[in-house]
Amino acid sequence: MRSVSARSVSRWIISASTLAIAAVPVTAFAQDAGDSSTSSTMGMQGDSEIRNQDNAADDQAVGTEIVVTGIRASLRESMNIKREAQGVVDAISAEDIGKFPDTNLAESLQRITGVSIDRSNGEGSTVTVRGFGPEYNLVLLNGRQMATSTLGNGLGAPSSRSFDFANLGSEGVKAVEVYKSGRASIPTGGIGATINILTPRPLDRPGLRGSISAKGIYDTTRNGDTPVTPEISGVISDTFMDGRLGILVSGGYSKRKASTDLAQIDEWRDGYLGSENNWGSLAQEGDPRYDNIENRPGPNDVYAVPQGASYILNDIDRERINGQAVLQFKPIDSLTATVDYTYSRYTLETHTSSVGIYFNHNDTSSAWGDGPVADPIFYSEHFGADEGKDLAYSGAQTSNRNENQDIGANLTWEAPGGVTMQLDAHRSTATSKPTNVYGNSMSVGTSIFGIEDQGINFEHYAPVISYDMYDGIDALDPSLITPTGNAFRHSYFHDRLDQVMLKGHYDHGGDFLDSLDFGVTYTDNKVRSAYGYIQNDTWGGAGPASDIPDDIFTKVTIPDKFDGLGGIDDPDAIKSYYKFDFDRLVPLLDELYGVCGGDGNCLADFTQDRHITEKTLAPYLQVNTAFDFLAGEAHLSAGLRYETTTVDSSAVVPVPTGTKWISANEFNVIFSDQTEVTRFKGSYQNWLPAIDFDVEPIRNVKLRASYSHTIARASYSDLQGGRSLDQLFRIGNGTGSVGNPGLLPYKSKNIDLSAEWYYGPSSYISIGWFHKNVENFISNTRVDDNYYDLTNPGDGPRYRAAVAALQAANEDVNSTSVRNYIFANYPDSVNITGTDANGNTTGDIFGLPEDDPLIFQISTPVNNDETANLHGWEFAVQHSFWDTGFGVILNYTIVDGDTTYDNTLPASQSQFAPLTGLSDSANAVAFYDKGPLQARVAYNWRDEFLSGSGPNPTYVEAYGQVDASASFEFMPGTSVFVEGINLTGESRRGHRRSDNAVTFASPGAARYSAGLRFAF
């Protein structure tokens, strides 16, 4: 089911906004009837009782004290944070202690104007702010920079700086602040935004307080039986010694079982021009295959051909453990000491099975839509009986654990003369690693050989993948399933961040100078990223099918796993296949063929081991002024932050000793057990000004203007100091990469303008415009050279002799015939392992000193001279309908830039890589909060966005999701609640340059939970 269009969402938001604004005059008049000043006593928890004595005329008449709690209290506190902030800040506050609006922080953040999220396994994972993805945003915990770790896709050494919000539950969070404009006193690292997660402190709310909740989660995405899984959380805070000693402890445990299933085009040969004649491109006129092409793309049209396609079933087991302990002591009124410890552990295991096809691009047929970017309609290929083409039945596992710890101490002294000094120090660590002996990402292949025809139809929402076997071969006969190739990948990532901050605040208390903020921060960030893998490229068959017992396989059906996804019910689509018992098959393969060395341990030794140390010293000064202007007070804050950073990067890399030709089109570099250390250094400095101005020209209307410079640092892979040669290479050349610790960070010059009307106690309208000019973009340059005197076994005297002999004998010259000749005539430089199903010799042909040198294309990152200009509008309405308990929150963000990707340019023509994640977004929330009943329905929408650039782009299509929750307090402090996520079961889809060039289509389904909560 496709998501609604941007136009229909816009009309719906505008209509709803009109209804909300229509109710404004009555509310505003009621407030203006008396003194509109608001006296609010807000504690540090989002559940604090906000006492508002003069908000309506009749309230003044009787002197009633209005106590607001729940959703409305949360919204009011968030609004007040926005209203009183310097610069552009949005926030979400907890409704009560231990009661954040969503169990996942990313799910909550997507409700903020300009914030979109990326989902992983059906849960919010990372955030994009104003079009800048997770790598461009900095996450803080109580103002401290957090260490981050993730293993990524498991196909290389981890390198990301992005923070995965799935690691943290929300039960120990009191508020999340999103700083969209820069500020001198805030740590740098985010040009999209700086996101500050705030946790409660016991001395902020004296007395015994706490809550505990328990719920069951029912996830309808789960294939097969759908168990109810638990989520338990609690927080307790108490103070002693007349409020001078405080202790707070919080914790949470959550378990989830789900499935994410995909119809996927694994790889595209993308970006060809109709005039090109390369491997994989469509046949040119004069080729017999030319007649098999309907509406062939013209010479200047761009098109893509699929390489592989599959139906994939993923079963997910996720466990999250969170905990926090805070101890505060206030021996005298002016001195407060705080020690806190935060812990999180996130374990994810995914069991995958799939059925797939792979194209050789020989005897193909296809049909195409009109250009200039031609849509594929169908693509198919015929195979001869002697080719032994296979249908792949693959299995995979991912097994990752992220563990985060932060321990810190803070000493705050309210000195005489209006000076407050604060010394804060903490150590944050984040570690990601596998949890079993196979590694964190592993895949094992099995196949049925004998495909006659295979193809993909692209006319539906999901690709229709089909095949026909030769007569006498039953693809659903488990006795014919043959073990093939496999890979076991081992990744490790550790980030240790030490930070010391000395902060000062001077409150002048009058006149033009209002206050001064000053301080210095020292950050020492040490990162280790390591990777190794074991790969067996026995794709023609590791052994006979008879080696594997039939009962290791289980038949699974496909259509019921993709309910409602257009195309899956097509009569030609694959309907079923066999999955295997991974934990039985791998030990058997190791016993039979030694795929892991024969000892049962598939945890590969590290072949890449990288270390990076970043040290940053950052002093800052900020001057804050206040003065009367028009109807109210104006504020001007000007600050300057100076940062100097040094980067020391070293890497342990294996030393290659030779090369070998292992199959028709695949070559390997041979690495020894020896290693060498390479080391590079770099440094950079930045002056980062920030100016904020706000004024209240008329009562309750605030105008803002901000200008700032912000930075975001390069990824760890770009900074790494080792030269990595890829093990696999093709006949033409090898590939590799080397980092550049001297890279400058991305730098953005930001302008923010906004107007805000606060017309009610928890109601406001705002409109904002922003502009960002970003420089120091990172692109890759290439150096071609020979390393370690490695030679190419597919290019030298033996190769040329084989070609000459085959031509003289009038035999076909191809990689297989050349290999057979070398095996027969050069026995001293080969290792013969046997023959394949077609009688061809299998084994390795080793590179010799007399072979031609192997040239490696080494990619290295550099800062380029390109700049990107990004601008957009943010609209927001938050409105409470008098004392009915009803209210709405509506926002819409429009983002645009001058770096759009031109899909009509071929992959061979380079273009500036634009920002990924750029898209419009909208949110609509309707809520009811009165008496014992709270209810909320939320719709979140994000327009189509570019998710990957480079030579060939990828897009994720527009997506909208409806969530709802309700709670009923049946006795004081005790309530029952229900929650629903993705109630309408929205599906997700991605594509390449054209809509039909689908990359994935995934069905959606709802997730429900219900539970009990007790607060005191």
# chains A, B, ... in the order shown; residues from 1 in each chain; ligands from 1
$ residues_around --residues "Leu109 (chain A)" --least-positions-apart "2" --cutoff "9 Å" --atoms "only C-alpha atoms" --output "number ranges by chain"
A: 91-92, 104-107, 111-113, 115-117, 127, 176, 178
$ closest_atom_pairs --of "region 184-209 of chain A" --to "region 321-345 of chain A" --cutoff "9 Å" --atoms "only C-alpha atoms" --output "CSV"
residue,atom,partner,partner_atom,distance
A:Pro200,CA,A:Val326,CA,8.7
A:Arg201,CA,A:Val326,CA,6.9
A:Pro202,CA,A:Gln328,CA,7.1
A:Leu203,CA,A:Gln328,CA,6.8
$ residues_around --residues "Pro206 (chain A)" --least-positions-apart "4" --cutoff "8 Å" --atoms "only C-alpha atoms" --output "PDB file with C-alpha atoms, in the first residue's frame"
ATOM      1  CA  PRO A 202      16.813  13.755  42.567  1.00  0.00           C
ATOM      2  CA  ASP A 238      14.207  10.101  47.040  1.00  0.00           C
ATOM      3  CA  THR A 239      15.910  12.773  49.101  1.00  0.00           C
ATOM      4  CA  GLY A 243      16.788  17.616  50.898  1.00  0.00           C
ATOM      5  CA  GLY A 246      19.351  12.597  46.810  1.00  0.00           C
TER       6      GLY A 246
END
$ residues_around --residues "Gly510 (chain A)" --least-positions-apart "6" --cutoff "10 Å" --atoms "only C-alpha atoms" --output "ChimeraX atom specification"
/A:625-627
$ write_last_selection --atoms "C-alpha atoms" --output "PDB file, in the first residue's frame"
ATOM      1  CA  THR A 625      22.390  41.422  26.797  1.00  0.00           C
ATOM      2  CA  ALA A 626      18.826  42.505  27.554  1.00  0.00           C
ATOM      3  CA  PHE A 627      17.106  45.824  26.849  1.00  0.00           C
TER       4      PHE A 627
END
$ atom_distance --atom1 "CA of Arg427 (chain A)" --atom2 "CA of Gly408 (chain A)"
6.4 Å
$ closest_residue --among "A:Gln909, A:Thr352, A:Gln878, A:Ser74" --to "Val444 (chain A)" --atoms "only C-alpha atoms"
A:Thr352
$ residues_around --residues "Ala415 (chain A)" --least-positions-apart "2" --cutoff "12 Å" --atoms "only C-alpha atoms" --output "count of residues only"
17
$ closest_residue --among "A:Tyr620, A:Asn536, A:Ser254, A:Ser1009" --to "Gly594 (chain A)" --atoms "only C-alpha atoms"
A:Asn536
